[in-house]
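data-v3.tsv (TSV, C-alpha atoms)
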```
chain	number	residue	atom	x	y	z
Y	1	MET	CA	0.00	0.00	0.00
Y	2	SER	CA	1.34	3.47	-0.89
Y	3	THR	CA	2.11	6.15	1.67
Y	4	GLU	CA	-0.63	8.42	0.18
Y	5	ALA	CA	-3.26	5.71	0.69
Y	6	ARG	CA	-2.36	5.27	4.38
Y	7	LYS	CA	-2.95	8.97	5.17
Y	8	PRO	CA	-6.21	9.77	6.97
Y	9	PRO	CA	-8.89	11.33	4.73
Y	10	LEU	CA	-8.76	14.56	6.75
Y	11	GLN	CA	-5.06	15.06	5.99
Y	12	ILE	CA	-5.65	14.43	2.29
Y	13	ALA	CA	-8.49	16.98	2.28
Y	14	LEU	CA	-6.30	19.54	4.04
Y	15	LYS	CA	-3.53	18.95	1.50
Y	16	ILE	CA	-5.96	19.49	-1.39
Y	17	ARG	CA	-7.19	22.70	0.23
Y	18	ARG	CA	-3.61	23.97	0.61
Y	19	ILE	CA	-2.86	23.23	-3.04
Y	20	LEU	CA	-6.03	24.84	-4.37
Y	21	GLY	CA	-6.67	27.64	-1.97
Y	22	GLY	CA	-3.51	28.21	0.02
Y	23	LYS	CA	-4.04	29.71	3.46
Y	24	ALA	CA	-7.46	31.04	2.47
Y	25	GLY	CA	-8.86	27.50	2.16
Y	26	TRP	CA	-12.05	27.01	0.16
Y	27	ASN	CA	-12.69	30.75	0.20
Y	28	GLY	CA	-9.47	31.16	-1.78
Y	29	VAL	CA	-10.70	28.61	-4.33
Y	30	ALA	CA	-13.95	30.51	-4.74
Y	31	ILE	CA	-12.11	33.79	-5.23
Y	32	GLN	CA	-9.86	32.21	-7.87
Y	33	PHE	CA	-12.81	30.77	-9.78
Y	34	ALA	CA	-14.57	34.14	-9.62
Y	35	PHE	CA	-11.45	35.91	-10.88
Y	36	ALA	CA	-11.10	33.41	-13.76
Y	37	ALA	CA	-14.78	33.94	-14.64
Y	38	VAL	CA	-14.29	37.72	-14.74
Y	39	LEU	CA	-11.25	37.33	-17.03
Y	40	GLY	CA	-13.24	35.03	-19.30
Y	41	TRP	CA	-16.11	37.50	-19.47
Y	42	ILE	CA	-13.74	40.39	-20.30
Y	43	ALA	CA	-12.10	38.33	-23.07
Y	44	TYR	CA	-15.50	37.42	-24.49
Y	45	GLU	CA	-16.62	41.07	-24.51
Y	46	ILE	CA	-13.42	42.18	-26.24
Y	47	ILE	CA	-13.74	39.53	-28.96
Y	48	SER	CA	-17.46	40.19	-29.42
Y	49	ASN	CA	-16.92	43.95	-29.63
Y	50	ALA	CA	-14.08	43.55	-32.13
Y	51	ARG	CA	-16.19	41.22	-34.28
Y	52	THR	CA	-19.08	43.66	-34.29
Y	53	ASN	CA	-16.86	46.59	-35.26
Y	54	LEU	CA	-15.29	44.61	-38.09
Y	55	GLU	CA	-18.73	43.65	-39.43
Y	56	ASN	CA	-19.91	47.27	-39.27
Y	57	GLN	CA	-16.86	48.38	-41.27
Y	58	HIS	CA	-17.30	45.48	-43.73
Y	59	ILE	CA	-13.85	44.10	-42.90
Y	60	ALA	CA	-13.49	40.34	-43.21
Y	61	ALA	CA	-11.66	38.76	-40.30
Y	62	GLY	CA	-8.90	36.26	-40.94
Y	63	PHE	CA	-5.60	36.13	-42.77
Y	64	GLY	CA	-6.91	35.96	-46.32
Y	65	PHE	CA	-5.65	39.52	-46.95
Y	66	LEU	CA	-2.09	38.17	-46.97
Y	67	ARG	CA	-2.67	37.00	-50.56
Y	68	ASN	CA	-3.77	40.45	-51.77
Y	69	ASN	CA	-1.44	42.79	-53.66
Y	70	ALA	CA	0.27	45.34	-51.42
Y	71	GLY	CA	0.38	48.17	-53.97
Y	72	PHE	CA	3.28	50.11	-52.42
Y	73	ASP	CA	7.06	50.03	-52.68
Y	74	VAL	CA	9.71	49.60	-49.97
Y	75	ASN	CA	13.00	51.50	-50.24
Y	76	GLN	CA	15.17	48.71	-48.79
Y	77	THR	CA	14.61	45.02	-49.43
Y	78	LEU	CA	16.90	42.05	-48.85
Y	79	ILE	CA	14.77	39.95	-51.18
Y	80	SER	CA	13.17	40.82	-54.51
Y	81	TYR	CA	10.02	42.87	-54.02
Y	82	THR	CA	7.75	45.06	-56.12
Y	83	GLY	CA	4.51	46.86	-55.37
Y	84	SER	CA	2.54	44.08	-57.06
Y	85	ASP	CA	3.69	41.50	-54.51
Y	86	THR	CA	1.45	40.25	-51.71
Y	87	PHE	CA	1.14	41.52	-48.14
Y	88	LEU	CA	2.77	38.30	-46.99
Y	89	ARG	CA	5.92	39.31	-48.85
Y	90	VAL	CA	5.71	42.76	-47.26
Y	91	PHE	CA	5.68	41.03	-43.89
Y	92	VAL	CA	8.80	39.04	-44.81
Y	93	VAL	CA	10.55	42.18	-46.08
Y	94	GLY	CA	9.83	44.08	-42.87
Y	95	LEU	CA	10.89	41.12	-40.73
Y	96	LEU	CA	14.21	40.73	-42.56
Y	97	ASN	CA	14.91	44.47	-42.27
Y	98	THR	CA	14.25	44.29	-38.51
Y	99	LEU	CA	16.48	41.26	-38.12
Y	100	VAL	CA	19.39	42.70	-40.10
Y	101	VAL	CA	19.47	46.00	-38.21
Y	102	SER	CA	19.14	44.12	-34.91
Y	103	VAL	CA	21.99	41.73	-35.69
Y	104	VAL	CA	24.25	44.54	-36.92
Y	105	GLY	CA	23.39	46.58	-33.83
Y	106	ILE	CA	24.07	43.68	-31.46
Y	107	VAL	CA	27.47	42.93	-33.02
Y	108	PHE	CA	28.71	46.52	-32.96
Y	109	ALA	CA	27.16	47.29	-29.57
Y	110	THR	CA	28.99	44.30	-28.08
Y	111	LEU	CA	32.32	45.31	-29.62
Y	112	ILE	CA	31.99	48.96	-28.60
Y	113	GLY	CA	30.74	48.02	-25.13
Y	114	PHE	CA	33.71	45.75	-24.40
Y	115	ILE	CA	36.17	48.37	-25.69
Y	116	VAL	CA	34.61	51.14	-23.60
Y	117	ALA	CA	34.55	48.89	-20.52
Y	118	LEU	CA	38.26	48.14	-20.90
Y	119	CYS	CA	38.90	51.86	-21.38
Y	120	ARG	CA	37.10	52.61	-18.12
Y	121	LEU	CA	39.24	50.03	-16.32
Y	122	SER	CA	42.47	51.26	-17.93
Y	123	PRO	CA	45.19	52.53	-15.56
Y	124	ASN	CA	45.65	55.43	-17.98
Y	125	TRP	CA	43.76	58.39	-16.47
Y	126	LEU	CA	42.87	60.02	-19.82
Y	127	VAL	CA	41.59	56.82	-21.43
Y	128	SER	CA	39.54	56.02	-18.33
Y	129	ARG	CA	37.95	59.49	-18.28
Y	130	VAL	CA	37.10	59.30	-21.99
Y	131	GLY	CA	35.28	56.01	-21.39
Y	132	GLU	CA	33.44	57.46	-18.41
Y	133	ILE	CA	32.34	60.55	-20.33
Y	134	TYR	CA	31.07	58.38	-23.19
Y	135	VAL	CA	28.98	56.23	-20.86
Y	136	GLU	CA	27.52	59.12	-18.87
Y	137	ILE	CA	26.57	61.16	-21.93
Y	138	ILE	CA	25.23	58.42	-24.20
Y	139	ARG	CA	23.12	56.49	-21.73
Y	140	ASN	CA	21.48	59.64	-20.34
Y	141	LEU	CA	20.25	60.90	-23.71
Y	142	PRO	CA	16.97	59.51	-25.11
Y	143	LEU	CA	17.46	56.94	-27.85
Y	144	LEU	CA	14.97	58.67	-30.16
Y	145	PHE	CA	16.98	61.89	-29.85
Y	146	GLN	CA	20.15	60.03	-30.81
Y	147	ILE	CA	18.47	58.43	-33.83
Y	148	LEU	CA	17.31	61.84	-35.03
Y	149	PHE	CA	20.76	63.30	-34.33
Y	150	TRP	CA	22.52	60.77	-36.55
Y	151	TYR	CA	19.87	61.04	-39.26
Y	152	LEU	CA	19.25	64.81	-39.38
Y	153	ALA	CA	22.39	66.39	-37.98
Y	154	VAL	CA	25.04	64.02	-39.36
Y	155	LEU	CA	23.86	62.10	-42.42
Y	156	ALA	CA	21.50	64.74	-43.83
Y	157	ALA	CA	24.34	67.28	-43.63
Y	158	LEU	CA	26.51	65.25	-46.01
Y	159	PRO	CA	26.94	66.53	-49.58
Y	160	ASN	CA	24.73	65.40	-52.47
Y	161	PRO	CA	25.88	62.54	-54.75
Y	162	ARG	CA	27.67	64.82	-57.20
Y	163	GLN	CA	29.89	66.15	-54.38
Y	164	SER	CA	29.96	62.87	-52.44
Y	165	ILE	CA	32.90	61.78	-50.30
Y	166	SER	CA	34.96	59.18	-52.17
Y	167	LEU	CA	36.53	56.25	-50.35
Y	168	PHE	CA	39.45	55.10	-52.50
Y	169	GLY	CA	37.34	55.64	-55.61
Y	170	ILE	CA	35.25	52.50	-55.05
Y	171	ALA	CA	32.77	53.60	-52.35
Y	172	PHE	CA	30.97	56.92	-51.92
Y	173	ILE	CA	29.18	58.60	-49.01
Y	174	SER	CA	26.47	61.19	-49.59
Y	175	ASN	CA	23.19	62.31	-48.09
Y	176	ARG	CA	21.55	59.45	-50.00
Y	177	GLY	CA	23.53	56.82	-48.16
Y	178	LEU	CA	26.62	54.71	-48.67
Y	179	VAL	CA	27.26	53.19	-52.11
Y	180	ILE	CA	29.66	50.24	-52.16
Y	181	PRO	CA	30.80	47.69	-54.76
Y	182	GLN	CA	28.41	44.80	-55.27
Y	183	PRO	CA	29.61	41.23	-55.88
Y	184	ILE	CA	27.75	39.35	-58.62
Y	185	GLY	CA	27.94	35.57	-58.41
Y	186	GLN	CA	29.30	33.42	-61.22
Y	187	ALA	CA	29.25	29.68	-61.93
Y	188	GLY	CA	31.78	28.76	-59.22
Y	189	MET	CA	30.07	30.74	-56.45
Y	190	ALA	CA	28.43	27.77	-54.70
Y	191	PRO	CA	31.64	25.67	-54.37
Y	192	PHE	CA	33.54	28.76	-53.23
Y	193	LEU	CA	31.00	29.50	-50.48
Y	194	ALA	CA	31.04	25.85	-49.40
Y	195	VAL	CA	34.84	25.84	-49.11
Y	196	LEU	CA	34.81	29.17	-47.29
Y	197	GLY	CA	32.19	27.88	-44.85
Y	198	PHE	CA	34.23	24.75	-44.23
Y	199	GLY	CA	37.31	26.88	-43.58
Y	200	ILE	CA	35.47	29.04	-41.04
Y	201	VAL	CA	34.06	26.02	-39.18
Y	202	ALA	CA	37.44	24.26	-39.18
Y	203	ALA	CA	39.24	27.38	-37.94
Y	204	LEU	CA	36.74	27.79	-35.09
Y	205	ALA	CA	37.06	24.11	-34.15
Y	206	LEU	CA	40.84	24.42	-34.17
Y	207	ARG	CA	40.67	27.47	-31.91
Y	208	ILE	CA	38.39	25.63	-29.45
Y	209	TYR	CA	40.80	22.67	-29.43
Y	210	ALA	CA	43.75	24.99	-28.81
Y	211	ARG	CA	42.02	26.67	-25.87
Y	212	ARG	CA	41.13	23.34	-24.30
Y	213	ALA	CA	44.71	22.16	-24.71
Y	214	LEU	CA	45.92	25.34	-23.03
Y	215	PHE	CA	43.55	25.16	-20.05
Y	216	GLN	CA	43.60	21.38	-19.52
Y	217	ARG	CA	47.21	20.43	-20.34
Y	218	GLY	CA	49.00	23.76	-20.38
Y	219	GLN	CA	50.01	23.12	-23.99
Y	220	MET	CA	50.34	26.19	-26.19
Y	221	ILE	CA	49.29	25.51	-29.80
Y	222	ARG	CA	49.95	28.12	-32.46
Y	223	VAL	CA	46.69	28.40	-34.33
Y	224	TRP	CA	47.08	31.37	-36.65
Y	225	PRO	CA	49.12	29.67	-39.45
Y	226	TRP	CA	46.51	26.93	-39.76
Y	227	ALA	CA	43.64	29.39	-39.55
Y	228	LEU	CA	45.28	31.55	-42.23
Y	229	GLY	CA	45.58	28.54	-44.50
Y	230	LEU	CA	41.95	27.54	-43.94
Y	231	LEU	CA	40.48	31.02	-44.34
Y	232	VAL	CA	42.74	32.37	-47.10
Y	233	GLY	CA	44.72	29.58	-48.71
Y	234	LEU	CA	41.85	27.14	-49.22
Y	235	PRO	CA	39.51	29.70	-50.90
Y	236	LEU	CA	42.38	30.92	-53.09
Y	237	ALA	CA	43.13	27.38	-54.19
Y	238	THR	CA	39.44	26.94	-55.07
Y	239	MET	CA	39.53	30.12	-57.14
Y	240	LEU	CA	42.61	28.90	-59.02
Y	241	VAL	CA	40.88	25.64	-59.90
Y	242	LEU	CA	37.35	26.88	-60.66
Y	243	GLY	CA	38.04	30.49	-61.63
Y	244	LEU	CA	36.70	33.67	-60.08
Y	245	PRO	CA	33.44	32.90	-58.26
Y	246	PHE	CA	32.13	36.44	-58.64
Y	247	THR	CA	32.68	39.75	-60.36
Y	248	VAL	CA	32.50	43.14	-58.70
Y	249	GLU	CA	30.18	45.85	-59.97
Y	250	LEU	CA	31.55	49.28	-59.09
Y	251	PRO	CA	29.22	52.25	-58.54
Y	252	GLN	CA	29.41	55.04	-61.12
Y	253	LEU	CA	28.00	58.54	-60.96
Y	254	LYS	CA	25.42	59.08	-63.71
Y	255	GLY	CA	23.51	62.31	-63.68
Y	256	PHE	CA	22.42	63.20	-60.17
Y	257	ASN	CA	22.83	59.76	-58.60
Y	258	PHE	CA	24.94	56.60	-58.66
Y	259	ALA	CA	24.26	53.60	-60.87
Y	260	GLY	CA	25.50	50.13	-60.09
Y	261	GLY	CA	26.87	48.83	-56.82
Y	262	ALA	CA	24.89	48.30	-53.64
Y	263	ARG	CA	23.35	51.19	-51.71
Y	264	ILE	CA	22.95	51.30	-47.93
Y	265	ILE	CA	20.22	53.82	-47.20
Y	266	PRO	CA	20.93	56.57	-44.62
Y	267	GLU	CA	17.98	55.43	-42.49
Y	268	PHE	CA	19.68	52.09	-41.90
Y	269	VAL	CA	23.03	53.72	-41.11
Y	270	ALA	CA	21.48	56.19	-38.65
Y	271	LEU	CA	19.44	53.52	-36.89
Y	272	ALA	CA	22.34	51.06	-36.66
Y	273	LEU	CA	24.70	53.75	-35.32
Y	274	ALA	CA	22.21	54.97	-32.72
Y	275	LEU	CA	21.27	51.49	-31.52
Y	276	SER	CA	24.92	50.39	-31.36
Y	277	THR	CA	26.31	53.40	-29.51
Y	278	TYR	CA	23.35	53.68	-27.13
Y	279	THR	CA	23.26	50.01	-26.14
Y	280	ALA	CA	27.07	49.91	-25.94
Y	281	ALA	CA	27.00	52.40	-23.06
Y	282	PHE	CA	24.91	49.98	-20.99
Y	283	ILE	CA	26.93	46.95	-22.09
Y	284	ALA	CA	30.11	48.76	-21.05
Y	285	GLU	CA	28.85	49.10	-17.48
Y	286	ILE	CA	27.75	45.45	-17.44
Y	287	VAL	CA	31.17	44.29	-18.64
Y	288	ARG	CA	32.98	46.57	-16.20
Y	289	ALA	CA	30.91	45.24	-13.30
Y	290	GLY	CA	31.57	41.66	-14.42
Y	291	ILE	CA	35.32	42.19	-14.60
Y	292	LEU	CA	35.36	43.90	-11.20
Y	293	SER	CA	33.49	40.92	-9.73
Y	294	VAL	CA	36.53	38.73	-10.41
Y	295	HIS	CA	38.99	38.78	-7.51
Y	296	ALA	CA	41.89	41.16	-8.03
Y	297	GLY	CA	44.27	38.32	-7.23
Y	298	GLN	CA	43.53	36.84	-10.67
Y	299	MET	CA	45.30	39.77	-12.32
Y	300	GLU	CA	48.23	39.37	-9.97
Y	301	ALA	CA	48.36	35.63	-10.67
Y	302	GLY	CA	48.46	36.31	-14.39
Y	303	ALA	CA	51.24	38.85	-13.95
Y	304	SER	CA	53.23	36.35	-11.85
Y	305	LEU	CA	53.00	33.89	-14.77
Y	306	GLY	CA	54.50	36.48	-17.09
Y	307	LEU	CA	51.30	37.27	-18.94
Y	308	SER	CA	50.63	40.78	-20.16
Y	309	ARG	CA	47.61	42.71	-18.88
Y	310	GLY	CA	45.74	42.08	-22.12
Y	311	ALA	CA	46.49	38.35	-22.10
Y	312	THR	CA	45.45	38.08	-18.46
Y	313	LEU	CA	42.14	39.76	-19.18
Y	314	ARG	CA	41.51	37.68	-22.28
Y	315	LEU	CA	42.52	34.28	-20.90
Y	316	ILE	CA	41.75	34.48	-17.18
Y	317	VAL	CA	39.56	37.39	-16.08
Y	318	VAL	CA	37.00	37.82	-18.87
Y	319	PRO	CA	36.08	34.08	-19.09
Y	320	GLN	CA	35.28	34.13	-15.36
Y	321	ALA	CA	33.46	37.46	-15.62
Y	322	MET	CA	31.21	36.17	-18.42
Y	323	ARG	CA	29.15	34.23	-15.88
Y	324	VAL	CA	28.14	37.57	-14.38
Y	325	ILE	CA	27.95	39.40	-17.71
Y	326	VAL	CA	25.71	37.04	-19.73
Y	327	PRO	CA	22.32	37.47	-17.92
Y	328	PRO	CA	22.16	41.30	-18.06
Y	329	LEU	CA	23.80	41.24	-21.50
Y	330	THR	CA	20.85	39.18	-22.74
Y	331	ASN	CA	18.48	41.88	-21.53
Y	332	GLN	CA	20.39	44.50	-23.51
Y	333	TYR	CA	20.18	42.39	-26.66
Y	334	LEU	CA	16.42	42.11	-26.18
Y	335	ASN	CA	16.13	45.85	-25.55
Y	336	LEU	CA	18.10	46.64	-28.72
Y	337	THR	CA	15.83	44.43	-30.83
Y	338	LYS	CA	12.69	46.03	-29.43
Y	339	ASN	CA	14.15	49.55	-29.65
Y	340	SER	CA	14.65	49.02	-33.39
Y	341	SER	CA	10.91	49.72	-33.70
Y	342	LEU	CA	11.79	53.42	-33.27
Y	343	ALA	CA	12.88	53.22	-36.91
Y	344	VAL	CA	9.42	54.47	-37.82
Y	345	ALA	CA	10.57	57.96	-36.73
Y	346	ILE	CA	13.04	58.21	-39.64
Y	347	GLY	CA	11.24	56.06	-42.19
Y	348	TYR	CA	13.38	52.93	-42.04
Y	349	PRO	CA	11.19	50.10	-43.42
Y	350	ASP	CA	11.27	47.73	-40.46
Y	351	LEU	CA	8.45	45.44	-39.34
Y	352	VAL	CA	6.60	48.14	-37.41
Y	353	SER	CA	6.86	50.70	-40.21
Y	354	VAL	CA	5.84	48.68	-43.29
Y	355	TRP	CA	3.71	46.04	-41.59
Y	356	ALA	CA	2.11	47.49	-38.44
Y	357	GLY	CA	2.04	50.91	-40.13
Y	358	THR	CA	1.50	51.04	-43.89
Y	359	SER	CA	-0.04	47.59	-44.30
Y	360	LEU	CA	-2.41	48.10	-41.38
Y	361	SER	CA	-3.62	51.45	-42.70
Y	362	GLN	CA	-4.30	49.97	-46.15
Y	363	THR	CA	-6.04	46.76	-45.06
Y	364	GLY	CA	-7.67	47.68	-41.76
Y	365	GLN	CA	-6.83	44.19	-40.45
Y	366	ALA	CA	-5.65	45.59	-37.12
Y	367	ILE	CA	-6.20	42.48	-35.01
Y	368	GLU	CA	-4.37	40.12	-37.37
Y	369	ILE	CA	-1.47	42.48	-38.10
Y	370	ILE	CA	-0.93	43.49	-34.47
Y	371	THR	CA	-1.12	39.85	-33.40
Y	372	MET	CA	1.49	38.83	-35.98
Y	373	THR	CA	3.75	41.71	-34.96
Y	374	MET	CA	3.47	40.82	-31.29
Y	375	GLY	CA	4.16	37.17	-32.08
Y	376	VAL	CA	7.28	38.04	-34.08
Y	377	TYR	CA	8.81	40.16	-31.32
Y	378	LEU	CA	7.92	37.51	-28.74
Y	379	LEU	CA	9.54	34.79	-30.86
Y	380	ILE	CA	12.69	36.87	-31.42
Y	381	SER	CA	12.95	37.49	-27.67
Y	382	LEU	CA	12.47	33.82	-26.83
Y	383	VAL	CA	15.05	32.68	-29.40
Y	384	THR	CA	17.58	35.26	-28.19
Y	385	SER	CA	17.02	34.29	-24.56
Y	386	GLY	CA	17.30	30.59	-25.43
Y	387	VAL	CA	20.58	31.03	-27.32
Y	388	MET	CA	22.09	33.11	-24.51
Y	389	SER	CA	20.87	30.60	-21.90
Y	390	ILE	CA	22.56	27.76	-23.80
Y	391	TYR	CA	25.76	29.80	-24.03
Y	392	GLY	CA	25.62	30.65	-20.32
Y	393	GLY	CA	25.05	27.00	-19.40
Y	394	ARG	CA	28.01	25.84	-21.47
Y	395	LEU	CA	30.12	28.61	-19.99
Y	396	ASN	CA	29.26	27.52	-16.43
Y	397	ARG	CA	30.07	23.90	-17.22
Y	398	SER	CA	33.39	24.81	-18.81
Y	399	LEU	CA	34.35	26.83	-15.71
Y	400	GLY	CA	33.23	24.08	-13.39
Y	401	ALA	CA	30.39	26.08	-11.85
```
Rewrite the structure from the file as structure tokens, please.
Amino acid sequence: MSTEARKPPLQIALKIRRILGGKAGWNGVAIQFAFAAVLGWIAYEIISNARTNLENQHIAAGFGFLRNNAGFDVNQTLISYTGSDTFLRVFVVGLLNTLVVSVVGIVFATLIGFIVALCRLSPNWLVSRVGEIYVEIIRNLPLLFQILFWYLAVLAALPNPRQSISLFGIAFISNRGLVIPQPIGQAGMAPFLAVLGFGIVAALALRIYARRALFQRGQMIRVWPWALGLLVGLPLATMLVLGLPFTVELPQLKGFNFAGGARIIPEFVALALALSTYTAAFIAEIVRAGILSVHAGQMEAGASLGLSRGATLRLIVVPQAMRVIVPPLTNQYLNLTKNSSLAVAIGYPDLVSVWAGTSLSQTGQAIEIITMTMGVYLLISLVTSGVMSIYGGRLNRSLGA
């Protein structure tokens, strides 16, 4: 007979009451059921009211509008798109634009944040003060103000295309954005990309093996000659065998604008700069706090082994500090992704601008469009949190935590 079956019925009843009602007993259960009933009634009223309003405005509910033609253009697309494409393709265009500016912002914000944090911890008084001034100014100014500053005060003040700033004669900066050479794939492009991908994966695996050998056996393995061969030598050998995998189309000034090449619109540049520099100020403080959480004796131990300050930080201090850095760093990545929705202020065609803005105003499908937008941001946040959680777990296991 089980232990649960031997308990007196009164004890079992008391246990059920604690689970369902807590200290309030059956009164607590009644309150919870009443609260759930109120929530259900509110949800029913909201749905019923929305359905009535849609019927009065002769708007059909559902996602059938996704197959209709959008009828408007988008000034930056990572995939082919014309005004005759469907609203579903508009959704994909806006999503890709949001993802690309978020990824670019996260990469540069992380790099700038780590550099500023190391500057703040530098024994050099001037470098430390410069880092402190950057953090105090940037993080205390509203992000929207910084986006408008980069867009109106910096990029809009650049000369027109005919007087554009030339970068070595192959790239040009003007108030219409940055024009750069554009690679055009040839027959051998697919094998070249496959070999390049293999070289990157092999170089990363070799670096991981070298770090494990250093920490576990104290064996120093020189990685850079092998990595250079994998990343440079192997692709070059592929090009010699298969020929050039791509040609480069250079931009040329024709009339009042450039023809050819790839153009990065100023809205993207302004948004990426503002998101990167703003988030970097917060990341810098997170990294600084993480490094300071590591005992000062670790720096002294590294110095006693003959390591330089930079090598001690890179090999000893920062890996330990990452356990403290990762959780708040994840929050900053999420904030940057959500803050990208401020792109609507300068006309960058992100998900909020072209989907929850233009598409909503043309279709009137507010419930469906807002629901899809909310779902996308929720999914991006969950994926980002999951990836960072996996990284943090592996980091703790590698450090023996």
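All residues of protein, DNA or RNA that reach within 10 Å of Glu368 in chain Y, judged by all atoms listed in the file and not counting those fewer than 5 positions away in the chain, are Ala61, Gly62, Phe63, Phe65, Ala356, Leu360, Thr373 and Met374 of chain Y.
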With C-alpha atoms retained, export the selected residues as a compact mmCIF listing (two decimals), in the coordinates of the input.
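selection19.txt, written as the output of this step:
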```
# COMPACT_ATOMS: atom_id res chain seq x y z
CA ALA Y 61 -11.66 38.76 -40.30
CA GLY Y 62 -8.90 36.26 -40.94
CA PHE Y 63 -5.60 36.13 -42.77
CA PHE Y 65 -5.65 39.52 -46.95
CA ALA Y 356 2.11 47.49 -38.44
CA LEU Y 360 -2.41 48.10 -41.38
CA THR Y 373 3.75 41.71 -34.96
CA MET Y 374 3.47 40.82 -31.29
```
Q: In the coordinates of the file, take the point (16.2, 39.0, -24.9) and a cut-off of 6 Å; then, counting all atoms listed in the file, name each qualifying protein, DNA or RNA residue as a PyMOL selection string.
A: chain Y and resi 330-331+333-334+381+384-385
**Q.** Given all atoms listed in the file as the counted atoms, nearest of Y:Ala262, Y:Ala213, Y:Met322, Y:Leu250 to Leu78 in chain Y
**A.**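 Nearest candidate to Leu78 in chain Y out of Y:Ala262, Y:Ala213, Y:Met322, Y:Leu250: Y:Ala262.
Candidate residues Y:Leu382, Y:Ala227, Y:Leu88, Y:Ile221 were compared for distance to Phe198 in chain Y, and the nearest is Y:Ala227, using only C-alpha atoms.
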Q.
Just want the 9 Å neighbourhood of Gly243 in chain Y, counted on all atoms listed in the file, with same-chain residues fewer than 5 positions away dropped. Output as a list in words.
A. Ala187, Gly188 and Thr238 of chain Y
(Q) I'd like the interatomic distance between CA of Thr77 in chain Y and CA of Ser276 in chain Y, to a tenth of an Å. (A)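 If I compute the distance from CA of Thr77 in chain Y to CA of Ser276 in chain Y, I get 21.5 Å.
Between CA of Asn396 in chain Y and CA of Tyr209 in chain Y the interatomic distance comes to 18.0 Å.
You will find CA of Arg309 in chain Y at 12.4 Å from CA of Ala296 in chain Y.
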Q: Tell me, as a PyMOL selection string, which residues lie within 9 Å of range 280-287 of chain Y, counting all atoms listed in the file; anything in the same chain fewer than 3 positions away does not count.
A: chain Y and resi 106+108-118+120+131+134-139+275-277+290-292+318+321-322+324-326+328-329+332
Suppose we keep C-alpha atoms; can you now write the selection as a compact mmCIF listing (two decimals), in the frame of the given file?
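Generated file (result16.txt):
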```txt
# COMPACT_ATOMS: atom_id res chain seq x y z
CA ILE Y 106 24.07 43.68 -31.46
CA PHE Y 108 28.71 46.52 -32.96
CA ALA Y 109 27.16 47.29 -29.57
CA THR Y 110 28.99 44.30 -28.08
CA LEU Y 111 32.32 45.31 -29.62
CA ILE Y 112 31.99 48.96 -28.60
CA GLY Y 113 30.74 48.02 -25.13
CA PHE Y 114 33.71 45.75 -24.40
CA ILE Y 115 36.17 48.37 -25.69
CA VAL Y 116 34.61 51.14 -23.60
CA ALA Y 117 34.55 48.89 -20.52
CA LEU Y 118 38.26 48.14 -20.90
CA ARG Y 120 37.10 52.61 -18.12
CA GLY Y 131 35.28 56.01 -21.39
CA TYR Y 134 31.07 58.38 -23.19
CA VAL Y 135 28.98 56.23 -20.86
CA GLU Y 136 27.52 59.12 -18.87
CA ILE Y 137 26.57 61.16 -21.93
CA ILE Y 138 25.23 58.42 -24.20
CA ARG Y 139 23.12 56.49 -21.73
CA LEU Y 275 21.27 51.49 -31.52
CA SER Y 276 24.92 50.39 -31.36
CA THR Y 277 26.31 53.40 -29.51
CA GLY Y 290 31.57 41.66 -14.42
CA ILE Y 291 35.32 42.19 -14.60
CA LEU Y 292 35.36 43.90 -11.20
CA VAL Y 318 37.00 37.82 -18.87
CA ALA Y 321 33.46 37.46 -15.62
CA MET Y 322 31.21 36.17 -18.42
CA VAL Y 324 28.14 37.57 -14.38
CA ILE Y 325 27.95 39.40 -17.71
CA VAL Y 326 25.71 37.04 -19.73
CA PRO Y 328 22.16 41.30 -18.06
CA LEU Y 329 23.80 41.24 -21.50
CA GLN Y 332 20.39 44.50 -23.51
```
Q: Determine, counting only C-alpha atoms, which protein, DNA and RNA residues have an atom within 9 Å of an atom of Asn257 in chain Y; residues of the same chain fewer than 5 positions away are not included. Present the result as a ChimeraX atom specification.
A: /Y:160-162,176,252
Q. Pick the closest to Arg89 in chain Y from Y:Cys119, Y:Val74, Y:Leu143, Y:Val154: which is it, counting all atoms listed in the file?
A.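 Ranking Y:Cys119, Y:Val74, Y:Leu143, Y:Val154 by distance to Arg89 in chain Y, first place goes to Y:Val74.
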Q | Residue with smallest distance to Phe258 in chain Y - pool Y:Pro319, Y:Gly105, Y:Gly199, Y:Pro181, counting all atoms listed in the file | A | Y:Pro181
